[in-house]
$ cat input-v8.tsv   # TSV, C-alpha atoms
chain	number	residue	atom	x	y	z
P	249	MET	CA	114.84	116.25	42.08
P	250	LEU	CA	113.64	114.78	45.42
P	251	ASP	CA	113.24	111.00	45.67
P	252	ARG	CA	109.84	110.59	47.37
P	253	ARG	CA	110.63	107.12	48.59
P	254	ARG	CA	113.81	108.28	50.36
P	255	VAL	CA	112.00	111.23	51.94
P	256	ALA	CA	109.19	108.96	53.14
P	257	ALA	CA	111.68	106.44	54.52
P	258	GLY	CA	113.55	109.20	56.34
P	259	ILE	CA	110.37	110.55	57.90
P	260	GLY	CA	109.38	107.04	58.97
P	261	ALA	CA	112.75	106.39	60.62
P	262	ALA	CA	112.63	109.72	62.46
P	263	ALA	CA	109.12	109.04	63.68
P	264	LEU	CA	110.13	105.59	64.92
P	265	ALA	CA	113.18	106.97	66.73
P	266	SER	CA	111.00	109.54	68.48
P	267	LEU	CA	109.00	106.73	70.05
P	268	VAL	CA	112.06	105.05	71.59
P	269	PRO	CA	113.36	106.30	74.99
P	270	GLY	CA	116.41	108.48	74.67
P	271	ARG	CA	118.94	106.72	76.92
P	272	LEU	CA	120.84	104.94	74.18
P	273	ARG	CA	117.75	102.89	73.24
P	274	ALA	CA	119.31	100.11	75.32
P	275	ALA	CA	117.48	96.97	76.37
P	276	ALA	CA	116.32	96.99	79.98
P	277	ILE	CA	118.38	95.07	82.55
P	278	LYS	CA	116.47	92.04	83.80
P	279	PRO	CA	117.75	90.83	87.19
P	280	ASP	CA	117.90	87.04	87.43
P	281	ASP	CA	118.81	84.50	90.12
P	282	ALA	CA	122.48	85.41	89.62
P	283	SER	CA	121.76	89.08	90.49
P	284	ALA	CA	121.60	90.72	93.91
P	285	LEU	CA	120.56	94.19	95.08
P	286	LEU	CA	122.66	95.62	97.93
P	287	VAL	CA	120.74	98.30	99.86
P	288	ILE	CA	123.28	100.35	101.78
P	289	ASP	CA	122.60	102.07	105.12
P	290	VAL	CA	119.10	103.52	104.60
P	291	GLN	CA	118.99	104.38	108.31
P	292	ASN	CA	117.39	107.16	110.32
P	293	CYS	CA	120.70	108.86	111.13
P	294	PHE	CA	121.27	109.44	107.40
P	295	LEU	CA	117.73	110.69	106.72
P	296	PRO	CA	116.21	114.15	107.45
P	297	GLY	CA	116.51	114.96	111.14
P	298	GLY	CA	119.31	112.46	111.65
P	299	SER	CA	122.71	113.27	113.15
P	300	LEU	CA	124.47	112.69	109.81
P	301	ALA	CA	121.63	113.46	107.40
P	302	VAL	CA	122.44	113.08	103.71
P	303	LYS	CA	120.80	115.81	101.60
P	304	ASP	CA	117.65	114.41	99.93
P	305	GLY	CA	118.43	111.00	101.41
P	306	GLU	CA	114.75	110.21	101.87
P	307	GLN	CA	114.27	110.37	98.10
P	308	VAL	CA	116.06	107.06	97.58
P	309	VAL	CA	113.49	105.06	99.56
P	310	PRO	CA	110.62	104.86	97.02
P	311	ILE	CA	113.12	104.22	94.21
P	312	ILE	CA	114.76	101.38	96.12
P	313	ASN	CA	111.37	99.90	97.05
P	314	ARG	CA	110.40	99.92	93.38
P	315	ILE	CA	113.52	98.33	91.93
P	316	ALA	CA	113.76	95.80	94.76
P	317	LYS	CA	110.62	94.13	93.41
P	318	SER	CA	112.71	92.95	90.45
P	319	PHE	CA	115.23	91.11	92.65
P	320	ALA	CA	114.93	87.71	94.27
P	321	ASN	CA	118.19	88.38	96.15
P	322	VAL	CA	118.37	91.48	98.35
P	323	VAL	CA	120.91	92.24	101.08
P	324	ILE	CA	120.54	95.25	103.41
P	325	THR	CA	123.36	96.83	105.41
P	326	GLN	CA	123.36	98.81	108.65
P	327	ASP	CA	126.05	100.94	110.22
P	328	TRP	CA	126.16	99.53	113.75
P	329	HIS	CA	128.66	101.51	115.81
P	330	THR	CA	129.63	101.13	119.43
P	331	PRO	CA	129.28	104.16	121.71
P	332	GLY	CA	132.54	106.12	121.51
P	333	HIS	CA	133.47	104.63	118.15
P	334	ILE	CA	136.88	105.65	116.80
P	335	SER	CA	135.26	107.33	113.76
P	336	PHE	CA	133.35	109.82	115.94
P	337	ALA	CA	134.84	113.30	116.19
P	338	SER	CA	133.56	113.48	119.76
P	339	VAL	CA	136.19	110.98	120.97
P	340	HIS	CA	139.14	112.94	119.56
P	341	SER	CA	140.02	116.01	121.61
P	342	GLY	CA	139.86	119.26	119.66
P	343	LYS	CA	138.59	117.61	116.47
P	344	LYS	CA	135.44	118.50	114.57
P	345	PRO	CA	133.22	116.46	112.27
P	346	PHE	CA	134.53	116.08	108.70
P	347	GLU	CA	138.15	116.65	109.71
P	348	THR	CA	140.51	113.78	108.91
P	349	ILE	CA	143.06	112.04	111.08
P	350	ASP	CA	145.61	109.27	110.55
P	351	LEU	CA	144.84	105.96	112.23
P	352	ALA	CA	146.67	102.64	112.12
P	353	TYR	CA	144.73	101.57	109.03
P	354	GLY	CA	145.00	104.89	107.16
P	355	LYS	CA	143.15	108.21	106.85
P	356	GLN	CA	139.85	108.46	108.70
P	357	VAL	CA	137.14	111.06	108.21
P	358	LEU	CA	135.68	112.00	111.58
P	359	TRP	CA	131.90	111.96	111.80
P	360	PRO	CA	129.21	113.18	114.15
P	361	ASP	CA	128.08	110.38	116.48
P	362	HIS	CA	125.73	108.23	114.38
P	363	CYS	CA	124.10	104.82	114.09
P	364	VAL	CA	124.94	103.77	117.65
P	365	GLN	CA	123.87	100.20	118.30
P	366	GLY	CA	120.29	99.82	119.48
P	367	THR	CA	119.32	103.48	119.02
P	368	ASP	CA	116.50	104.76	116.86
P	369	GLY	CA	119.07	106.49	114.67
P	370	ALA	CA	120.59	103.12	113.78
P	371	ALA	CA	117.22	101.67	112.76
P	372	LEU	CA	116.36	101.17	109.11
P	373	SER	CA	113.88	103.61	107.61
P	374	LYS	CA	110.33	102.55	108.47
P	375	ASP	CA	109.40	103.29	104.86
P	376	LEU	CA	111.69	100.63	103.40
P	377	ALA	CA	109.43	97.89	102.05
P	378	ILE	CA	111.53	94.91	100.97
P	379	PRO	CA	109.94	91.86	102.58
P	380	GLN	CA	112.03	89.43	100.52
P	381	ALA	CA	115.37	90.77	101.83
P	382	GLU	CA	117.25	87.70	102.95
P	383	LEU	CA	120.15	89.13	104.95
P	384	ILE	CA	121.08	92.17	107.02
P	385	ILE	CA	124.82	92.85	107.30
P	386	ARG	CA	125.83	95.00	110.26
P	387	LYS	CA	129.16	96.77	109.97
P	388	GLY	CA	131.31	99.15	111.99
P	389	PHE	CA	130.71	97.31	115.26
P	390	HIS	CA	134.42	96.96	116.01
P	391	LYS	CA	135.20	99.99	118.16
P	392	ASP	CA	138.68	100.67	116.78
P	393	VAL	CA	138.07	100.41	113.02
P	394	ASP	CA	135.51	102.00	110.71
P	395	SER	CA	133.64	100.01	108.08
P	396	TYR	CA	132.13	101.67	105.03
P	397	SER	CA	132.03	98.68	102.72
P	398	ALA	CA	129.51	95.86	102.95
P	399	PHE	CA	132.40	93.48	102.15
P	400	THR	CA	135.53	94.59	104.02
P	401	GLU	CA	136.25	96.90	106.94
P	402	ALA	CA	138.46	99.98	106.59
P	403	ASP	CA	141.57	98.05	107.62
P	404	GLY	CA	141.33	96.25	104.26
P	405	LYS	CA	141.60	92.84	105.97
P	406	THR	CA	138.56	92.12	108.12
P	407	THR	CA	135.72	90.78	105.99
P	408	THR	CA	132.00	90.69	106.69
P	409	GLY	CA	131.53	87.37	104.91
P	410	LEU	CA	129.25	88.91	102.28
P	411	ALA	CA	131.35	87.85	99.28
P	412	ALA	CA	131.32	84.21	100.37
P	413	TYR	CA	127.60	84.40	101.07
P	414	LEU	CA	126.81	85.73	97.59
P	415	LYS	CA	129.13	83.27	95.85
P	416	ALA	CA	127.55	80.36	97.74
P	417	ARG	CA	124.26	81.45	96.18
P	418	LYS	CA	125.86	81.66	92.73
P	419	VAL	CA	125.40	85.45	92.49
P	420	LYS	CA	127.54	86.91	89.73
P	421	ARG	CA	126.39	90.54	89.48
P	422	VAL	CA	125.44	93.06	92.13
P	423	PHE	CA	123.55	96.33	92.00
P	424	VAL	CA	124.28	98.88	94.73
P	425	ALA	CA	121.89	101.55	96.04
P	426	GLY	CA	121.53	103.63	99.20
P	427	LEU	CA	123.56	106.06	101.31
P	428	ALA	CA	125.95	107.64	100.84
P	429	THR	CA	127.21	107.51	97.26
P	430	ASP	CA	130.72	108.74	98.03
P	431	PHE	CA	131.37	106.59	101.08
P	432	CYS	CA	129.55	103.35	101.90
P	433	VAL	CA	128.05	102.90	98.42
P	434	ALA	CA	131.34	103.55	96.62
P	435	TRP	CA	133.45	101.43	98.98
P	436	THR	CA	130.94	98.59	98.64
P	437	ALA	CA	131.00	98.83	94.84
P	438	LEU	CA	134.80	98.89	94.71
P	439	ASP	CA	135.07	95.87	97.00
P	440	ALA	CA	132.42	94.04	94.97
P	441	ARG	CA	134.66	94.46	91.92
P	442	LYS	CA	137.68	93.22	93.89
P	443	ALA	CA	135.65	90.15	94.85
P	444	GLY	CA	134.95	89.46	91.18
P	445	PHE	CA	131.34	90.57	90.85
P	446	GLU	CA	130.00	92.49	87.88
P	447	THR	CA	128.94	95.68	89.64
P	448	SER	CA	126.52	98.52	88.91
P	449	VAL	CA	125.60	101.54	91.04
P	450	VAL	CA	122.04	102.77	90.60
P	451	GLU	CA	122.77	106.49	90.59
P	452	ASP	CA	119.28	107.89	91.21
P	453	ALA	CA	118.79	105.38	94.05
P	454	CYS	CA	121.76	106.95	95.90
P	455	ARG	CA	122.60	110.31	97.44
P	456	GLY	CA	126.01	111.66	98.40
P	457	ILE	CA	127.60	113.67	101.21
P	458	ASP	CA	130.19	115.35	98.96
P	459	THR	CA	132.76	116.66	101.40
P	460	GLN	CA	136.01	118.08	99.94
P	461	GLY	CA	135.32	116.70	96.46
P	462	SER	CA	134.52	113.20	97.69
P	463	LEU	CA	131.61	112.62	95.30
P	464	ALA	CA	133.54	113.31	92.09
P	465	LYS	CA	136.47	111.23	93.36
P	466	ALA	CA	134.17	108.33	94.21
P	467	TRP	CA	132.64	108.25	90.73
P	468	ALA	CA	136.09	108.46	89.14
P	469	ASP	CA	137.42	105.62	91.30
P	470	MET	CA	134.39	103.47	90.52
P	471	ALA	CA	134.65	104.11	86.77
P	472	LYS	CA	138.35	103.17	86.83
P	473	ALA	CA	137.49	99.92	88.62
P	474	GLY	CA	134.87	99.00	86.02
P	475	VAL	CA	131.77	99.81	88.05
P	476	LYS	CA	128.81	100.60	85.80
P	477	ARG	CA	126.75	103.74	86.44
P	478	ILE	CA	123.07	103.13	85.70
P	479	GLN	CA	119.63	104.61	86.47
P	480	SER	CA	116.67	102.87	88.08
P	481	SER	CA	114.84	103.19	84.76
P	482	ASP	CA	117.43	100.85	83.22
P	483	ILE	CA	116.13	98.00	85.37
P	484	ALA	CA	113.15	96.08	84.03

$ encode --input "input-v8.tsv" --output "structure tokens"
Amino acid sequence: MLDRRRVAAGIGAAALASLVPGRLRAAAIKPDDASALLVIDVQNCFLPGGSLAVKDGEQVVPIINRIAKSFANVVITQDWHTPGHISFASVHSGKKPFETIDLAYGKQVLWPDHCVQGTDGAALSKDLAIPQAELIIRKGFHKDVDSYSAFTEADGKTTTGLAAYLKARKVKRVFVAGLATDFCVAWTALDARKAGFETSVVEDACRGIDTQGSLAKAWADMAKAGVKRIQSSDIA
């Protein structure tokens, strides 16, 4: 015989569960003074019409603008290459974009010319609206070494000073968003972990290039390093 009280309790629990959002019913992340948002390379060259446009790259802008309102600490990065930068395919005879070569500091993907200092392509998207951003880090301005990460150049030795800057402000956790997921975002997240920061990548606030399996590899490398993979909806 059915126990009416158990049935009623079961229905009540199911109804309550249906009202709670599905993503693990987790509490929202509330950025505090020890949190920083790193907005990576939302520049014209990586947006539609740019020389190295990331598919759907423009879609990250409104998401970043929205979540940035929750952060008191925001740092923005810019690729800032010299003309004839070593990472450009155009300076290597017979080479094409997306081929790889060996350089003194390791393997280098060759890119179309992009984000050349002072050009419109290197400018940040005009639609970014983060008035409280306190610092812009420019990277890749050394002609003979590329720089994906906001923390350390591709030689693994030359730093941008960002880690010291964040630590001086007592930042303990960073959230990374921008372009592109499998290169500058991933390298930034991995270096943030190496520097001792709790690190999350806001997946829907990023877009990837995905050349030769680079996107899947990037997520695997980040997971192994302890980088958290979150959505913008996880942030209060």

$ closest_residue --input "input-v8.tsv" --among "P:Cys293, P:Ala411, P:Leu358, P:Val302" --to "Ile457 of chain P" --atoms "all atoms listed in the file"
P:Val302

$ atom_distance --input "input-v8.tsv" --atom1 "atom CA of Gln460 of chain P" --atom2 "atom CA of His329 of chain P"
24.1 Å

$ atom_distance --input "input-v8.tsv" --atom1 "atom CA of Ser448 of chain P" --atom2 "atom CA of Ala425 of chain P"
9.0 Å

$ closest_residue --input "input-v8.tsv" --among "P:Gly342, P:Gly426, P:Pro310, P:Gly332" --to "Leu285 of chain P" --atoms "all atoms listed in the file"
P:Gly426

$ closest_residue --input "input-v8.tsv" --among "P:Ala371, P:Pro360, P:Ile334, P:Gly456" --to "Phe346 of chain P" --atoms "only C-alpha atoms"
P:Pro360

$ atom_distance --input "input-v8.tsv" --atom1 "atom CA of Ala416 of chain P" --atom2 "atom CA of Ala398 of chain P"
16.5 Å

$ closest_residue --input "input-v8.tsv" --among "P:Ser462, P:Asn321, P:Gln356, P:Thr348" --to "Lys418 of chain P" --atoms "only C-alpha atoms"
P:Asn321

$ residues_around --input "input-v8.tsv" --residues "segment 297-300 of chain P" --least-positions-apart "2" --cutoff "9 Å" --atoms "all atoms listed in the file" --output "PDB file with C-alpha atoms, in the frame of the given file"
ATOM      1  CA  GLN P 291     118.990 104.380 108.310  1.00  0.00           C
ATOM      2  CA  ASN P 292     117.390 107.160 110.320  1.00  0.00           C
ATOM      3  CA  CYS P 293     120.700 108.860 111.130  1.00  0.00           C
ATOM      4  CA  PHE P 294     121.270 109.440 107.400  1.00  0.00           C
ATOM      5  CA  LEU P 295     117.730 110.690 106.720  1.00  0.00           C
ATOM      6  CA  VAL P 302     122.440 113.080 103.710  1.00  0.00           C
ATOM      7  CA  TRP P 359     131.900 111.960 111.800  1.00  0.00           C
ATOM      8  CA  PRO P 360     129.210 113.180 114.150  1.00  0.00           C
ATOM      9  CA  ASP P 361     128.080 110.380 116.480  1.00  0.00           C
ATOM     10  CA  HIS P 362     125.730 108.230 114.380  1.00  0.00           C
ATOM     11  CA  CYS P 363     124.100 104.820 114.090  1.00  0.00           C
ATOM     12  CA  GLY P 369     119.070 106.490 114.670  1.00  0.00           C
TER      13      GLY P 369
END

$ closest_residue --input "input-v8.tsv" --among "P:Val364, P:Ala316, P:Val290, P:Ala428" --to "Lys303 of chain P" --atoms "only C-alpha atoms"
P:Ala428

$ residues_around --input "input-v8.tsv" --residues "Cys432 of chain P" --least-positions-apart "6" --cutoff "8 Å" --atoms "all atoms listed in the file" --output "CSV table (one decimal) with C-alpha atoms, keeping the file's coordinate frame"
chain,number,residue,atom,x,y,z
P,288,ILE,CA,123.3,100.4,101.8
P,289,ASP,CA,122.6,102.1,105.1
P,396,TYR,CA,132.1,101.7,105.0
P,397,SER,CA,132.0,98.7,102.7
P,398,ALA,CA,129.5,95.9,103.0

$ residues_around --input "input-v8.tsv" --residues "segment 380-383 of chain P" --least-positions-apart "6" --cutoff "8 Å" --atoms "all atoms listed in the file" --output "PyMOL selection string"
chain P and resi 320-324

$ residues_around --input "input-v8.tsv" --residues "Ala402 of chain P" --least-positions-apart "3" --cutoff "7 Å" --atoms "only C-alpha atoms" --output "MDAnalysis selection string"
chainID P and resid 353 393:396

$ closest_residue --input "input-v8.tsv" --among "P:Ala377, P:Leu427, P:Leu372, P:Ala337" --to "Ala301 of chain P" --atoms "all atoms listed in the file"
P:Leu427

$ residues_around --input "input-v8.tsv" --residues "Lys465 of chain P" --least-positions-apart "2" --cutoff "12 Å" --atoms "only C-alpha atoms" --output "PyMOL selection string"
chain P and resi 429-431+434-435+456+458-463+467-472

$ axis_aligned_box --input "input-v8.tsv" --around "segment 328-342 of chain P" --padding-each-side "6 Å" --output "lines of an AutoDock Vina configuration file"
center_x = 133.1
center_y = 109.4
center_z = 117.7
size_x = 25.9
size_y = 31.7
size_z = 20.0

$ build_atoms --input "input-v8.tsv" --residues "segment 422-434 of chain P" --atoms "N, CA and C atoms" --output "compact mmCIF listing (two decimals), in the coordinates of the input"
# COMPACT_ATOMS: atom_id res chain seq x y z
N VAL P 422 126.09 92.34 91.04
CA VAL P 422 125.44 93.06 92.13
C VAL P 422 125.09 94.48 91.68
N PHE P 423 124.02 94.98 92.25
CA PHE P 423 123.55 96.33 92.00
C PHE P 423 123.51 97.03 93.36
N VAL P 424 124.12 98.21 93.44
CA VAL P 424 124.28 98.88 94.73
C VAL P 424 123.45 100.15 94.75
N ALA P 425 122.71 100.36 95.85
CA ALA P 425 121.89 101.55 96.04
C ALA P 425 121.94 101.94 97.51
N GLY P 426 121.63 103.22 97.81
CA GLY P 426 121.53 103.63 99.20
C GLY P 426 122.37 104.85 99.53
N LEU P 427 122.91 104.88 100.76
CA LEU P 427 123.56 106.06 101.31
C LEU P 427 124.91 105.68 101.93
N ALA P 428 125.90 106.50 101.75
CA ALA P 428 125.95 107.64 100.84
C ALA P 428 126.82 107.26 99.65
N THR P 429 126.54 107.87 98.51
CA THR P 429 127.21 107.51 97.26
C THR P 429 128.73 107.51 97.39
N ASP P 430 129.28 108.53 98.01
CA ASP P 430 130.72 108.74 98.03
C ASP P 430 131.45 108.03 99.16
N PHE P 431 130.71 107.34 100.00
CA PHE P 431 131.37 106.59 101.08
C PHE P 431 130.92 105.12 101.05
N CYS P 432 129.89 104.77 101.76
CA CYS P 432 129.55 103.35 101.90
C CYS P 432 129.12 102.71 100.58
N VAL P 433 128.43 103.46 99.73
CA VAL P 433 128.05 102.90 98.42
C VAL P 433 129.30 102.66 97.57
N ALA P 434 130.15 103.67 97.46
CA ALA P 434 131.34 103.55 96.62
C ALA P 434 132.29 102.47 97.14
